[in-house]
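Okay, structure first, notes after.
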Amino acid sequence: MSERTLVQVQRSIRMRHVWKKVLMTALVYGIAIAYFFPILYMFLSGFKTEQQAVMPAIFFKPTLETYRKVLSDPTMYQYLRNSLFQVLVGTGVSLLLGVPASFALVFGRLKHPESNGKFYLWFITTILLPPVAVLIPLFTWYQQLNLINTPYGLMMAYVGFHTPIVVWMVHSFFSDLPGEIFEAAEIDGCSKLQQLTRIAIPLARTGIISAGLLVAVFIWNEFFLGFNLTGNPTATLPVYMSRFREQQGMFVAQLSASSTIAVLPAIILGWMTQKALVKGLTMGAVKG
Amino acid sequence: MSYGNNSMKTRKTEYRFLMPAIVVVAIMTQFPFLLTVIFSTLRWNLSRPDLPRTFNGFDNYLNFLKIESLQHIPEFYSILWQTVLITGVTLLLCSVVGFILALLLDHDIPGVNIARTLMLGPFFVMSTASGVIWKTTIFNTTFGWYGVIAKALGATPIDLVSYHPIGVIIVLFTWQWMPFFILVLLAGLQGIPQDLVDSMRIDGVNWLQGVFKIKLPLIMNHMRVAIMLGLVFLIKEFGLILVTTAGGPGTRSYTLPYAVYMQVFSANNVGRASALAVMTVVLTLILVNLLYRSIVKRNARYS
């Protein structure tokens, strides 16, 4: 008698547990899908014709017509090419400058022992600087040097703003490496450059790659400098997207297909970096 | 020391590693900022090339700051207030709702990583794209989801973008930044040692106490980092405002970066725009500093 009730009680507790879990799962997925909905709907609407896209609908007969139209527009390629240039060259140069600098800041013996910390802090404070604070001088220089119609001016501005982010993130990954390796390498006659390229970079490569991917996402999405420091031939994708702002609910399919092309690479790269993003951005700050 | 002899040489290599980054960052960011500070003391209007550029001290600043009578408070103060309001409310929503969602996503649910990944998506969407997407497919009163659903429920949809510009901007900023808060806070929650959670349960700590008296204080540092980074990035946001409200109606949704942009490219006034830009930097530094202090104080109380 009492044994049976015990079993029943256990079962009802287990059932309550199961129900709780089912409800929790439904809630979490419901919220996640609702949160992601604007992106999902944009993705779907790219496969509609303009007529289909006028009124909101989730179920429809998909077509590639709109993508065909968007991709046959040569200006789209121009924006895409400009964005790719900024991302590849901008990220590459930022890494080229930022990685050796972080190495020197973590393992280098500078003139004064406290210099390492001071220079590191200097890079961090640069991250606080909003781009509006540099826009006007850059704009006047670029007009005089005629850099507005070349991609190099914008690229240099991106390097200036993203090198500190590389330093910040890579610094935290280098700080995880044991300093003894480099002391041993030094005794074995390894030059600083070899220590950097043969030991530090291979050991911290996942961190460095994620820093690069994050900077790539930032540059791909950057609008303020891209908008103000480029002319028509050098404008990037975010500038292209901003040109849809006046169209009052029209051309939804075209807008959706174009923004899917503009948004999807960043989302995918971003998802790939998510683990390192937390570590790189919070490590130094959470510890200190 | 084994490297005593060549320490001068290695030190040189170290500076060779460090200096290129410092030089480029200085030329592209710090040096132009110093020029902006200098420009802010000049009388310089691009549409009047006939007038000489002359030094006029703090006139550009006073033009924004000087209150001549209480009936005519300069527009600068409402722009400043809008900037602080948008940033502050967004950060508040992100930290409160973000914390709740992080707690939810901390459960052991089948395929929870898919849900986490979906919720992270908006963070990586360029702000101009998210602005036009929300504006055309959601907020539009005739063709958007909001308009269609409101009509189906028998309500009259209103043009939210012009009637509640600040609300719309806050919603979009929150949508974009909450995923970042969730990501960071979730990392904090998952760093809490399991035996602590177990002993909480054995000691009969109830859910509310567990969350607010134990978990929240433990991840306060993560919260601090998220708010700090959110503040730094939100205060300079420009693209989303341009594509959704364009600062309007009138100047009701201007923020400081937007006002700088309008001063340069509409009013062509380099001097005044520079003064506004300098004040944007000052505001950023003040807010970061205030935040840092208040949180350090709270940390000290808990530890």
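Starting from 1 in every chain, residues are counted up; chains themselves are A, B, ... following the order of the structure tokens, and ligands are numbered from 1 as listed.
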
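Residues in contact with A:Phe60 at 12 Å, where only C-alpha atoms are counted and same-chain residues fewer than 3 positions away are skipped, are listed as Leu44, Ser45, Gly46, Phe47, Lys48, Thr49, Gln51, Gln52, Ala53, Met55, Pro56, Ala57 and Thr63 of chain A.
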
Fewer than 2 positions away in the same chain doesn't count, so skip those; otherwise give me all residues within 12 Å of stretch 231-233 of chain A, counting only C-alpha atoms, as a PyMOL selection string.
chain A and resi 74-83+139+142-143+146-151+153-154+225-229+235-237+239-240+243

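Ranking B:Val282, B:Ile182, B:Val232, B:Ile79 by their shortest atom-to-atom distance to chain A, with only C-alpha atoms included, puts B:Val232 first.
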
Report as a PDB file with N, CA and C atoms, in the first residue's frame all protein, DNA and RNA residues lying within 12 Å of B:Ile38, evaluated on only C-alpha atoms, omitting residues in the same chain fewer than 4 positions from it.
ATOM      1  N   ALA A 133      34.319  61.896 -34.110  1.00  0.00           N
ATOM      2  CA  ALA A 133      35.386  62.754 -33.620  1.00  0.00           C
ATOM      3  C   ALA A 133      36.515  62.905 -34.627  1.00  0.00           C
ATOM      4  N   VAL A 134      36.574  62.057 -35.639  1.00  0.00           N
ATOM      5  CA  VAL A 134      37.671  62.151 -36.614  1.00  0.00           C
ATOM      6  C   VAL A 134      37.145  62.467 -38.007  1.00  0.00           C
ATOM      7  N   ILE A 136      35.631  64.964 -39.583  1.00  0.00           N
ATOM      8  CA  ILE A 136      35.810  66.231 -40.300  1.00  0.00           C
ATOM      9  C   ILE A 136      37.238  66.380 -40.846  1.00  0.00           C
ATOM     10  N   PRO A 137      38.278  66.178 -40.019  1.00  0.00           N
ATOM     11  CA  PRO A 137      39.630  66.248 -40.588  1.00  0.00           C
ATOM     12  C   PRO A 137      39.857  65.207 -41.691  1.00  0.00           C
TER      13      PRO A 137
ATOM     14  N   PHE B  31      45.326  61.865 -34.014  1.00  0.00           N
ATOM     15  CA  PHE B  31      45.711  63.116 -34.651  1.00  0.00           C
ATOM     16  C   PHE B  31      44.499  63.838 -35.251  1.00  0.00           C
ATOM     17  N   PRO B  32      43.633  63.138 -36.002  1.00  0.00           N
ATOM     18  CA  PRO B  32      42.426  63.821 -36.468  1.00  0.00           C
ATOM     19  C   PRO B  32      41.555  64.340 -35.329  1.00  0.00           C
ATOM     20  N   PHE B  33      41.552  63.620 -34.206  1.00  0.00           N
ATOM     21  CA  PHE B  33      40.751  64.106 -33.082  1.00  0.00           C
ATOM     22  C   PHE B  33      41.311  65.434 -32.564  1.00  0.00           C
ATOM     23  N   LEU B  34      42.654  65.519 -32.467  1.00  0.00           N
ATOM     24  CA  LEU B  34      43.258  66.789 -32.041  1.00  0.00           C
ATOM     25  C   LEU B  34      42.889  67.911 -33.011  1.00  0.00           C
ATOM     26  N   LEU B  42      37.403  77.363 -34.345  1.00  0.00           N
ATOM     27  CA  LEU B  42      37.497  78.235 -35.520  1.00  0.00           C
ATOM     28  C   LEU B  42      36.116  78.625 -36.008  1.00  0.00           C
ATOM     29  N   ARG B  43      36.079  79.794 -36.625  1.00  0.00           N
ATOM     30  CA  ARG B  43      34.878  80.151 -37.365  1.00  0.00           C
ATOM     31  C   ARG B  43      35.121  79.716 -38.796  1.00  0.00           C
ATOM     32  N   TRP B  44      34.407  78.695 -39.223  1.00  0.00           N
ATOM     33  CA  TRP B  44      34.747  78.077 -40.505  1.00  0.00           C
ATOM     34  C   TRP B  44      33.473  77.492 -41.105  1.00  0.00           C
ATOM     35  N   ARG B  53      38.931  81.866 -42.257  1.00  0.00           N
ATOM     36  CA  ARG B  53      38.835  81.022 -41.064  1.00  0.00           C
ATOM     37  C   ARG B  53      39.495  81.769 -39.918  1.00  0.00           C
ATOM     38  N   THR B  54      38.728  82.122 -38.931  1.00  0.00           N
ATOM     39  CA  THR B  54      39.337  82.861 -37.828  1.00  0.00           C
ATOM     40  C   THR B  54      39.104  82.142 -36.516  1.00  0.00           C
ATOM     41  N   PHE B  55      40.008  82.401 -35.574  1.00  0.00           N
ATOM     42  CA  PHE B  55      39.882  81.833 -34.239  1.00  0.00           C
ATOM     43  C   PHE B  55      38.751  82.537 -33.517  1.00  0.00           C
ATOM     44  N   ASN B  56      37.830  81.801 -32.958  1.00  0.00           N
ATOM     45  CA  ASN B  56      36.779  82.486 -32.209  1.00  0.00           C
ATOM     46  C   ASN B  56      36.536  81.871 -30.827  1.00  0.00           C
ATOM     47  N   GLY B  57      37.593  81.272 -30.297  1.00  0.00           N
ATOM     48  CA  GLY B  57      37.525  80.798 -28.913  1.00  0.00           C
ATOM     49  C   GLY B  57      36.430  79.776 -28.706  1.00  0.00           C
ATOM     50  N   PHE B  58      35.611  80.016 -27.682  1.00  0.00           N
ATOM     51  CA  PHE B  58      34.576  79.039 -27.343  1.00  0.00           C
ATOM     52  C   PHE B  58      33.224  79.373 -27.968  1.00  0.00           C
ATOM     53  N   ASN B  60      31.780  78.576 -30.710  1.00  0.00           N
ATOM     54  CA  ASN B  60      31.030  77.442 -31.259  1.00  0.00           C
ATOM     55  C   ASN B  60      30.353  76.648 -30.157  1.00  0.00           C
ATOM     56  N   VAL B 270      31.820  73.749 -40.274  1.00  0.00           N
ATOM     57  CA  VAL B 270      32.868  72.884 -39.739  1.00  0.00           C
ATOM     58  C   VAL B 270      33.160  73.202 -38.283  1.00  0.00           C
ATOM     59  N   GLY B 271      33.205  74.483 -37.948  1.00  0.00           N
ATOM     60  CA  GLY B 271      33.519  74.875 -36.577  1.00  0.00           C
ATOM     61  C   GLY B 271      32.505  74.310 -35.589  1.00  0.00           C
ATOM     62  N   ARG B 272      31.225  74.542 -35.867  1.00  0.00           N
ATOM     63  CA  ARG B 272      30.196  74.068 -34.936  1.00  0.00           C
ATOM     64  C   ARG B 272      30.111  72.553 -34.900  1.00  0.00           C
ATOM     65  N   ALA B 273      30.249  71.923 -36.074  1.00  0.00           N
ATOM     66  CA  ALA B 273      30.217  70.464 -36.112  1.00  0.00           C
ATOM     67  C   ALA B 273      31.341  69.893 -35.254  1.00  0.00           C
ATOM     68  N   SER B 274      32.523  70.508 -35.346  1.00  0.00           N
ATOM     69  CA  SER B 274      33.656  70.024 -34.548  1.00  0.00           C
ATOM     70  C   SER B 274      33.376  70.180 -33.063  1.00  0.00           C
ATOM     71  N   ALA B 275      32.774  71.313 -32.701  1.00  0.00           N
ATOM     72  CA  ALA B 275      32.448  71.510 -31.284  1.00  0.00           C
ATOM     73  C   ALA B 275      31.495  70.412 -30.805  1.00  0.00           C
ATOM     74  N   ALA B 277      31.215  67.414 -32.093  1.00  0.00           N
ATOM     75  CA  ALA B 277      31.949  66.151 -32.065  1.00  0.00           C
ATOM     76  C   ALA B 277      32.766  66.042 -30.784  1.00  0.00           C
ATOM     77  N   VAL B 278      33.407  67.142 -30.402  1.00  0.00           N
ATOM     78  CA  VAL B 278      34.198  67.118 -29.165  1.00  0.00           C
ATOM     79  C   VAL B 278      33.281  66.848 -27.974  1.00  0.00           C
TER      80      VAL B 278
END
